[in-house]
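Q: Contents of entry01.cif (mmCIF, C-alpha atoms (C1' of nucleotides)) are given next:
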data_run
#
loop_
_atom_site.label_atom_id
_atom_site.label_comp_id
_atom_site.auth_asym_id
_atom_site.auth_seq_id
_atom_site.Cartn_x
_atom_site.Cartn_y
_atom_site.Cartn_z
CA MET A 1 55.75 43.54 4.50
CA ARG A 2 57.49 43.62 7.83
CA ILE A 3 55.94 43.26 11.22
CA GLY A 4 55.64 46.95 11.92
CA GLU A 5 53.57 47.60 8.86
CA LEU A 6 51.33 44.63 9.48
CA ALA A 7 50.89 45.78 13.05
CA GLU A 8 49.88 49.22 11.94
CA ARG A 9 47.56 48.03 9.23
CA THR A 10 45.74 45.66 11.53
CA GLY A 11 45.79 47.69 14.71
CA THR A 12 47.63 44.92 16.48
CA SER A 13 50.79 45.01 18.54
CA ARG A 14 53.94 43.36 17.20
CA ARG A 15 53.96 41.25 20.28
CA LEU A 16 50.61 39.77 19.38
CA LEU A 17 51.53 39.16 15.78
CA ARG A 18 54.45 37.07 17.00
CA TYR A 19 52.16 35.34 19.43
CA TYR A 20 49.68 34.47 16.70
CA GLU A 21 52.53 33.07 14.69
CA GLU A 22 53.72 31.03 17.63
CA ARG A 23 50.19 29.69 17.83
CA GLY A 24 50.20 28.80 14.16
CA LEU A 25 47.52 31.29 13.17
CA VAL A 26 49.70 33.18 10.75
CA VAL A 27 52.86 32.34 8.91
CA SER A 28 55.78 34.42 7.82
CA THR A 29 58.93 33.91 5.87
CA ARG A 30 62.19 35.36 6.97
CA SER A 31 64.32 37.84 5.12
CA ALA A 32 68.06 37.31 4.98
CA ASN A 33 68.48 39.46 8.05
CA GLY A 34 66.04 37.42 10.07
CA TYR A 35 63.19 39.88 9.89
CA ARG A 36 59.72 38.44 9.42
CA ASP A 37 58.21 38.96 6.01
CA TYR A 38 54.44 38.88 5.71
CA ASP A 39 52.25 38.39 2.72
CA ALA A 40 49.76 41.15 2.03
CA ASN A 41 46.76 38.88 2.44
CA LEU A 42 47.63 38.49 6.10
CA VAL A 43 46.08 41.84 6.83
CA ASP A 44 42.62 40.41 6.37
CA ARG A 45 43.56 37.27 8.15
CA VAL A 46 44.83 39.04 11.23
CA VAL A 47 41.71 41.19 11.35
CA GLN A 48 39.67 38.03 11.16
CA ILE A 49 41.68 36.40 13.90
CA ARG A 50 41.13 39.37 16.15
CA GLY A 51 37.44 39.29 15.51
CA LEU A 52 37.25 35.63 16.37
CA LEU A 53 39.33 36.14 19.50
CA ASP A 54 37.11 38.98 20.54
CA ALA A 55 34.13 36.75 19.93
CA GLY A 56 35.51 34.40 22.52
CA LEU A 57 37.13 31.68 20.48
CA PRO A 58 40.51 30.44 21.67
CA THR A 59 43.48 30.34 19.32
CA ARG A 60 43.38 26.57 19.36
CA ILE A 61 39.95 26.57 17.73
CA ILE A 62 40.66 29.48 15.47
CA LYS A 63 43.62 27.61 14.09
CA GLN A 64 41.33 24.76 13.18
CA ILE A 65 38.62 26.74 11.51
CA LEU A 66 40.69 29.33 9.70
CA PRO A 67 41.72 27.08 6.81
CA CYS A 68 38.07 26.38 6.06
CA LEU A 69 37.34 30.07 5.80
CA ASP A 70 40.03 30.67 3.22
CA LYS A 71 39.35 30.99 -0.46
CA PRO A 72 39.64 29.04 -2.57
CA ARG A 73 38.56 26.47 -0.12
CA ALA A 74 38.57 23.47 -2.40
CA ILE A 75 42.21 23.01 -1.54
CA HIS A 76 41.34 22.23 2.01
CA PHE A 77 39.01 19.37 1.44
CA PRO A 78 41.71 16.85 2.28
CA ASP A 79 41.94 18.35 5.77
CA ALA A 80 38.39 17.28 6.43
CA THR A 81 38.90 14.46 8.88
CA PRO A 82 35.85 13.29 10.80
CA GLU A 83 37.18 14.82 14.00
CA MET A 84 37.71 18.06 12.18
CA LEU A 85 34.17 18.08 10.89
CA ALA A 86 32.87 17.30 14.33
CA THR A 87 34.84 20.18 15.80
CA LEU A 88 33.50 22.48 13.14
CA GLU A 89 29.93 21.45 13.75
CA ARG A 90 30.32 21.87 17.45
CA GLU A 91 31.91 25.23 17.04
CA ARG A 92 29.31 26.35 14.54
CA ASP A 93 26.59 25.44 17.00
CA ARG A 94 28.32 27.28 19.78
CA MET A 95 28.61 30.30 17.57
CA THR A 96 24.92 30.12 16.78
CA GLU A 97 24.26 29.97 20.49
CA ARG A 98 26.45 32.97 21.08
CA VAL A 99 24.74 34.93 18.36
CA ARG A 100 21.36 34.19 19.86
CA PHE A 101 22.53 35.17 23.25
CA LEU A 102 24.30 38.30 22.21
CA THR A 103 21.40 39.42 20.07
CA ARG A 104 18.92 38.90 22.83
CA ASN A 105 20.97 40.78 25.37
CA ARG A 106 21.90 43.52 22.99
CA ASP A 107 18.25 44.05 22.18
CA ALA A 108 17.49 44.21 25.86
CA ILE A 109 20.11 46.88 26.28
CA SER A 110 18.73 48.78 23.31
CA GLU A 111 15.28 48.60 24.76
CA TYR A 112 16.55 49.86 28.04
CA LEU A 113 18.37 52.73 26.38
CA ASP A 114 15.29 53.64 24.40
CA ALA A 115 13.18 53.55 27.51
CA VAL A 116 15.56 55.76 29.41
CA ARG A 117 15.70 58.25 26.57
CA THR A 118 11.94 58.60 26.23
CA TYR A 119 11.63 58.86 29.98
CA VAL A 120 13.28 62.15 30.87
CA PRO A 121 12.16 64.50 28.09
CA MET B 1 18.27 26.76 47.62
CA ARG B 2 21.83 26.01 48.60
CA ILE B 3 24.90 26.31 46.46
CA GLY B 4 24.99 22.67 45.43
CA GLU B 5 21.54 22.77 43.95
CA LEU B 6 22.13 26.02 42.16
CA ALA B 7 25.36 24.60 40.79
CA GLU B 8 23.60 21.56 39.48
CA ARG B 9 20.69 23.46 38.00
CA THR B 10 22.95 25.86 36.17
CA GLY B 11 25.75 23.52 35.22
CA THR B 12 28.22 25.70 37.08
CA SER B 13 30.79 24.78 39.67
CA ARG B 14 30.31 25.93 43.25
CA ARG B 15 33.62 27.66 42.99
CA LEU B 16 32.34 29.84 40.18
CA LEU B 17 29.09 30.66 41.93
CA ARG B 18 31.14 32.00 44.82
CA TYR B 19 33.31 33.84 42.39
CA TYR B 20 30.31 35.48 40.73
CA GLU B 21 29.08 36.53 44.12
CA GLU B 22 32.46 37.97 44.98
CA ARG B 23 32.21 39.93 41.76
CA GLY B 24 28.79 41.18 42.68
CA LEU B 25 26.95 39.37 39.91
CA VAL B 26 24.72 37.38 42.20
CA VAL B 27 23.63 37.82 45.77
CA SER B 28 22.82 35.34 48.47
CA THR B 29 21.55 35.44 51.98
CA ARG B 30 23.02 33.28 54.69
CA SER B 31 21.25 30.65 56.70
CA ALA B 32 21.84 30.47 60.43
CA ASN B 33 24.59 27.95 59.86
CA GLY B 34 26.43 30.19 57.43
CA TYR B 35 25.38 28.36 54.29
CA ARG B 36 24.53 30.48 51.27
CA ASP B 37 20.86 30.62 50.42
CA TYR B 38 19.86 31.44 46.88
CA ASP B 39 16.62 32.69 45.47
CA ALA B 40 15.10 30.53 42.75
CA ASN B 41 15.27 33.29 40.16
CA LEU B 42 19.06 33.12 40.30
CA VAL B 43 18.99 30.06 38.10
CA ASP B 44 18.09 32.18 35.11
CA ARG B 45 20.45 34.88 36.16
CA VAL B 46 23.41 32.56 36.45
CA VAL B 47 22.65 31.06 33.06
CA GLN B 48 22.54 34.54 31.66
CA ILE B 49 25.82 35.44 33.29
CA ARG B 50 27.47 32.41 31.79
CA GLY B 51 26.15 33.27 28.38
CA LEU B 52 27.51 36.77 28.62
CA LEU B 53 30.84 35.53 29.88
CA ASP B 54 31.02 33.04 27.08
CA ALA B 55 30.20 35.84 24.69
CA GLY B 56 33.32 37.58 25.85
CA LEU B 57 32.05 40.18 28.29
CA PRO B 58 34.03 40.61 31.49
CA THR B 59 32.32 40.42 34.87
CA ARG B 60 32.89 44.12 35.38
CA ILE B 61 30.69 44.93 32.39
CA ILE B 62 28.19 42.21 33.10
CA LYS B 63 27.67 43.62 36.52
CA GLN B 64 26.81 46.96 34.98
CA ILE B 65 24.38 45.75 32.40
CA LEU B 66 22.60 43.05 34.35
CA PRO B 67 20.33 45.40 36.30
CA CYS B 68 19.09 46.89 33.03
CA LEU B 69 18.11 43.49 31.80
CA ASP B 70 16.00 42.73 34.81
CA LYS B 71 12.27 43.12 34.86
CA PRO B 72 10.61 45.27 35.88
CA ARG B 73 13.27 47.62 34.72
CA ALA B 74 11.56 50.84 35.64
CA ILE B 75 13.09 50.54 39.05
CA HIS B 76 16.52 50.96 37.63
CA PHE B 77 16.06 54.27 35.91
CA PRO B 78 17.80 56.09 38.75
CA ASP B 79 20.95 54.10 38.00
CA ALA B 80 21.15 55.72 34.60
CA THR B 81 24.09 58.02 35.04
CA PRO B 82 25.59 59.46 31.85
CA GLU B 83 28.68 57.26 32.22
CA MET B 84 26.45 54.26 32.62
CA LEU B 85 24.55 55.10 29.46
CA ALA B 86 27.80 55.61 27.60
CA THR B 87 29.05 52.24 28.76
CA LEU B 88 25.86 50.62 27.67
CA GLU B 89 25.97 52.20 24.25
CA ARG B 90 29.57 51.22 23.77
CA GLU B 91 28.87 47.71 24.88
CA ARG B 92 25.78 47.44 22.72
CA ASP B 93 27.81 48.48 19.70
CA ARG B 94 30.51 45.98 20.50
CA MET B 95 27.90 43.29 20.80
CA THR B 96 26.48 44.23 17.44
CA GLU B 97 29.97 43.98 16.01
CA ARG B 98 30.45 40.58 17.57
CA VAL B 99 27.16 39.37 16.23
CA ARG B 100 28.07 40.46 12.74
CA PHE B 101 31.41 38.80 12.99
CA LEU B 102 30.17 35.60 14.49
CA THR B 103 27.37 35.32 12.00
CA ARG B 104 29.66 35.85 9.07
CA ASN B 105 32.17 33.28 10.24
CA ARG B 106 29.56 30.81 11.26
CA ASP B 107 27.98 31.04 7.84
CA ALA B 108 31.37 30.45 6.29
CA ILE B 109 31.76 27.35 8.38
CA SER B 110 28.30 26.18 7.42
CA GLU B 111 29.09 26.73 3.78
CA TYR B 112 32.26 24.77 4.14
CA LEU B 113 30.48 21.92 5.87
CA ASP B 114 27.83 21.85 3.18
CA ALA B 115 30.46 21.85 0.49
CA VAL B 116 32.34 19.00 2.09
CA ARG B 117 29.16 16.98 2.46
CA THR B 118 28.11 17.36 -1.15
CA TYR B 119 31.61 16.60 -2.27
CA VAL B 120 32.20 12.98 -1.38
CA PRO B 121 28.90 11.29 -2.26
"C1'" DT C 1 80.03 57.25 11.42
"C1'" DC C 2 76.50 58.19 14.29
"C1'" DG C 3 71.60 57.98 15.59
"C1'" DA C 4 67.02 56.76 14.83
"C1'" DA C 5 64.00 53.46 13.73
"C1'" DC C 6 63.42 49.21 12.75
"C1'" DC C 7 63.87 44.11 13.83
"C1'" DC C 8 65.10 39.80 16.81
"C1'" DT C 9 64.56 36.54 21.12
"C1'" DC C 10 63.62 35.84 25.76
"C1'" DA C 11 61.50 36.42 29.96
"C1'" DC C 12 58.97 38.22 33.54
"C1'" DA C 13 54.32 40.03 34.83
"C1'" DC C 14 49.44 40.64 34.96
"C1'" DA C 15 44.36 40.04 34.88
"C1'" DG C 16 40.57 37.23 34.27
"C1'" DG C 17 38.13 32.97 34.62
"C1'" DT C 18 38.72 28.40 36.59
"C1'" DG C 19 40.32 24.10 39.05
"C1'" DT C 20 41.75 21.93 43.22
"C1'" DG C 21 42.61 20.96 47.68
"C1'" DA C 22 43.35 21.83 52.62
"C1'" DA C 23 41.30 22.58 57.17
"C1'" DG C 24 37.32 22.84 59.30
"C1'" DG C 25 32.02 23.28 60.52
"C1'" DT C 26 26.96 21.26 59.96
"C1'" DC C 27 23.42 18.06 59.17
"C1'" DC C 28 21.26 13.81 58.64
"C1'" DA C 29 20.67 8.95 58.31
"C1'" DC C 30 22.17 4.71 59.99
"C1'" DG D 1 27.84 8.77 67.80
"C1'" DT D 2 29.90 7.89 63.54
"C1'" DG D 3 30.17 8.44 58.44
"C1'" DG D 4 29.09 10.73 54.52
"C1'" DA D 5 27.45 14.55 52.13
"C1'" DC D 6 27.01 18.95 52.46
"C1'" DC D 7 28.78 23.68 53.51
"C1'" DT D 8 32.54 27.41 54.86
"C1'" DT D 9 37.05 30.21 53.85
"C1'" DC D 10 41.55 30.49 52.02
"C1'" DA D 11 45.21 29.87 49.01
"C1'" DC D 12 47.91 28.20 45.56
"C1'" DA D 13 48.06 27.19 40.56
"C1'" DC D 14 46.81 27.02 35.79
"C1'" DC D 15 45.88 28.80 30.98
"C1'" DT D 16 45.17 32.43 27.82
"C1'" DG D 17 45.75 36.76 25.81
"C1'" DT D 18 48.49 40.77 26.55
"C1'" DG D 19 52.01 44.36 28.05
"C1'" DT D 20 56.70 45.60 28.80
"C1'" DG D 21 61.38 45.70 28.81
"C1'" DA D 22 66.13 44.00 28.50
"C1'" DG D 23 69.91 42.92 25.50
"C1'" DG D 24 71.25 42.83 21.01
"C1'" DG D 25 71.37 43.04 15.68
"C1'" DT D 26 70.23 45.71 10.97
"C1'" DT D 27 69.27 49.48 7.88
"C1'" DC D 28 69.35 53.93 6.41
"C1'" DG D 29 69.66 58.79 6.23
"C1'" DA D 30 72.19 63.00 8.11
#
Before anything else, please render the file you have as structure tokens.

A:
Amino acid sequence: MRIGELAERTGTSRRLLRYYEERGLVVSTRSANGYRDYDANLVDRVVQIRGLLDAGLPTRIIKQILPCLDKPRAIHFPDATPEMLATLERERDRMTERVRFLTRNRDAISEYLDAVRTYVP
Amino acid sequence: MRIGELAERTGTSRRLLRYYEERGLVVSTRSANGYRDYDANLVDRVVQIRGLLDAGLPTRIIKQILPCLDKPRAIHFPDATPEMLATLERERDRMTERVRFLTRNRDAISEYLDAVRTYVP
DNA sequence: TCGAACCCTCACACAGGTGTGAAGGTCCAC
DNA sequence: GTGGACCTTCACACCTGTGTGAGGGTTCGA
């Protein structure tokens, strides 16, 4: 598919799709006319990238962890250098931290909202 | 306490503490000599701010939700304008989304790490 | 064959969170 | 009273993710 369709199906601007490609997060082939040609599975991938970005991870890290999240993952075992594993562990821990933090604060907000709602009536 | 101590106790640069103050996330009084003077409870607050920032929330939003997270929160009921509540709900939902996403991806990373570890030996 | 709707690259711009450093005041210990 | 460790404000600069638009090519239907 071409960039416009991918953009529409992922809710992402063309600009950003090109940016992600520049950052090595997605790949594309080129048609004879120079247009980018995307594989269908990139829809999921782009959505995932956006989720990770929104979660606060920089493209640099996302690029590193994406291959490990692909299926089938057996193919990527060779990539598993010690540094890579260390990065993954670090990032996994940071994500756990973030989850804890977000959950706690979200619950606090929920509590507050509940309290406000049962206050007025 | 002065800015240096707060910086050290929160692992934050002085620059950023001033920035947070400029953004209205923290307050300080001034000593006679013009130095900022911080209340001890700001240690927790700054840590919380950093967690929220790291989780991807902008200072603008953090400023809005922080008062609701304070105890005792009853004081802040008057702040609850409809727009405020809407913002909170929206932000709470986004946080839930983020948590889901982060958890899913973190679990995938964990799985990958486990797989790699049980692969070589 | 024209126009619309695509696509390309390139580049400037912006906001947000940070770093860094200049130029200067204060405080304290030697 | 001098030096070092603090503090102040101000400003420039960076990176990252985005928007926007210029200038130009391709494809396709009317």

Q: For chain A against chain B, which residues fall within 9 Å using all atoms listed in the file, given as a VMD selection string?

A: chain A and resid 48 51 to 57 65 68 to 69 73 to 74 77 80 85 88 to 89 91 to 93 95 to 103 105 to 110 112 to 113 115 to 116 119

Q: For chain C, report every residue with an atom at most 12 Å from chain A (counting all atoms listed in the file), formatted as an MDAnalysis selection string.

A: chainID C and resid 5:9

Q: For the residues selected in the previous step, produce a file with C-alpha atoms (C1' of nucleotides) as a PDB file, in the frame of the given file.

A:
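Once written, selection_30.pdb looks like this:
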ATOM      1  C1'  DA C   5      64.000  53.460  13.730  1.00  0.00           C
ATOM      2  C1'  DC C   6      63.420  49.210  12.750  1.00  0.00           C
ATOM      3  C1'  DC C   7      63.870  44.110  13.830  1.00  0.00           C
ATOM      4  C1'  DC C   8      65.100  39.800  16.810  1.00  0.00           C
ATOM      5  C1'  DT C   9      64.560  36.540  21.120  1.00  0.00           C
TER       6       DT C   9
END

Q: With 12 Å as the limit and counting all atoms listed in the file, what residues in chain D lie close to chain B? Please list them as a list in words.

A: DA5, DC6, DC7, DT8 and DT9 of chain D

Q: Which residue out of B:Arg90, B:Arg104, B:Arg18, B:Arg60 has the minimum interatomic distance to Asp37 of chain B when all atoms listed in the file are used?

A: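 Nearest candidate to Asp37 of chain B out of B:Arg90, B:Arg104, B:Arg18, B:Arg60: B:Arg18.
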
Q: What is the distance, in Å and to one decimal place, between atom CA of Met1 of chain A and atom CA of Leu17 of chain A?

A: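 Atom CA of Leu17 of chain A lies at a distance of 12.8 Å from atom CA of Met1 of chain A.
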
Q: Just give me the residues with any atom within 12 Å of (76.5, 53.7, 10.0), file coordinates, counting all atoms listed in the file, written as a VMD selection string.

A: (chain C and resid 1 to 4) or (chain D and resid 26 to 30)

Q: Keeping C-alpha atoms (C1' of nucleotides), export the residues of the selection given above as a PDB file, in the coordinates of the input.

A:
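What landed in out21.pdb:
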ATOM      1  C1'  DT C   1      80.030  57.250  11.420  1.00  0.00           C
ATOM      2  C1'  DC C   2      76.500  58.190  14.290  1.00  0.00           C
ATOM      3  C1'  DG C   3      71.600  57.980  15.590  1.00  0.00           C
ATOM      4  C1'  DA C   4      67.020  56.760  14.830  1.00  0.00           C
TER       5       DA C   4
ATOM      6  C1'  DT D  26      70.230  45.710  10.970  1.00  0.00           C
ATOM      7  C1'  DT D  27      69.270  49.480   7.880  1.00  0.00           C
ATOM      8  C1'  DC D  28      69.350  53.930   6.410  1.00  0.00           C
ATOM      9  C1'  DG D  29      69.660  58.790   6.230  1.00  0.00           C
ATOM     10  C1'  DA D  30      72.190  63.000   8.110  1.00  0.00           C
TER      11       DA D  30
END

Q: Expand the PyMOL selection byres ((chain D and resi 18) around 8) into the individual residues it matches in the shown file, reporting them as a ChimeraX atom specification.

A: /A:16 /D:17,19

Q: Please list as JSON, numbers by chain every residue within 12 Å of Ser13 of chain B, counting only C-alpha atoms (C1' of nucleotides) and excluding residues in the same chain fewer than 2 positions away.

A: {"B": [3, 4, 5, 6, 7, 8, 9, 10, 11, 15, 16, 17, 18, 19, 20, 46, 50], "C": [18, 19, 20]}

Q: Rounded to one decimal place, report the atom CA of Asp114 of chain A-atom CA of Val27 of chain B distance in Å.

A: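 Interatomic distance, atom CA of Asp114 of chain A to atom CA of Val27 of chain B: 27.9 Å.
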
Q: So how far away is atom CA of Thr29 of chain B from atom C1' of DC27 of chain C, in Å?

A: 18.9 Å

Q: On this file, the PyMOL selection byres ((chain C and resi 29) around 10) gives some set of residues; write that set as a list of chain:residue names.

A: C:DC27, C:DC28, C:DC30, D:DG3, D:DG4

Q: Keeping only C-alpha atoms (C1' of nucleotides), write those residues as a JSON list (two decimals), in the coordinates of the input.

A:
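Just written: part-v8.json:
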[["chain", "number", "residue", "atom", "x", "y", "z"],
["C", 27, "DC", "C1'", 23.42, 18.06, 59.17],
["C", 28, "DC", "C1'", 21.26, 13.81, 58.64],
["C", 30, "DC", "C1'", 22.17, 4.71, 59.99],
["D", 3, "DG", "C1'", 30.17, 8.44, 58.44],
["D", 4, "DG", "C1'", 29.09, 10.73, 54.52]]

Q: Padding of 8 Å on every side, edges along x, y and z, all listed atoms of segment 6-14 of chain C included: what centre and edge lengths in Å, to one decimal, does that box have, as lines of an AutoDock Vina configuration file?

A:
center_x = 57.3
center_y = 42.5
center_z = 23.9
size_x = 31.7
size_y = 29.4
size_z = 38.2
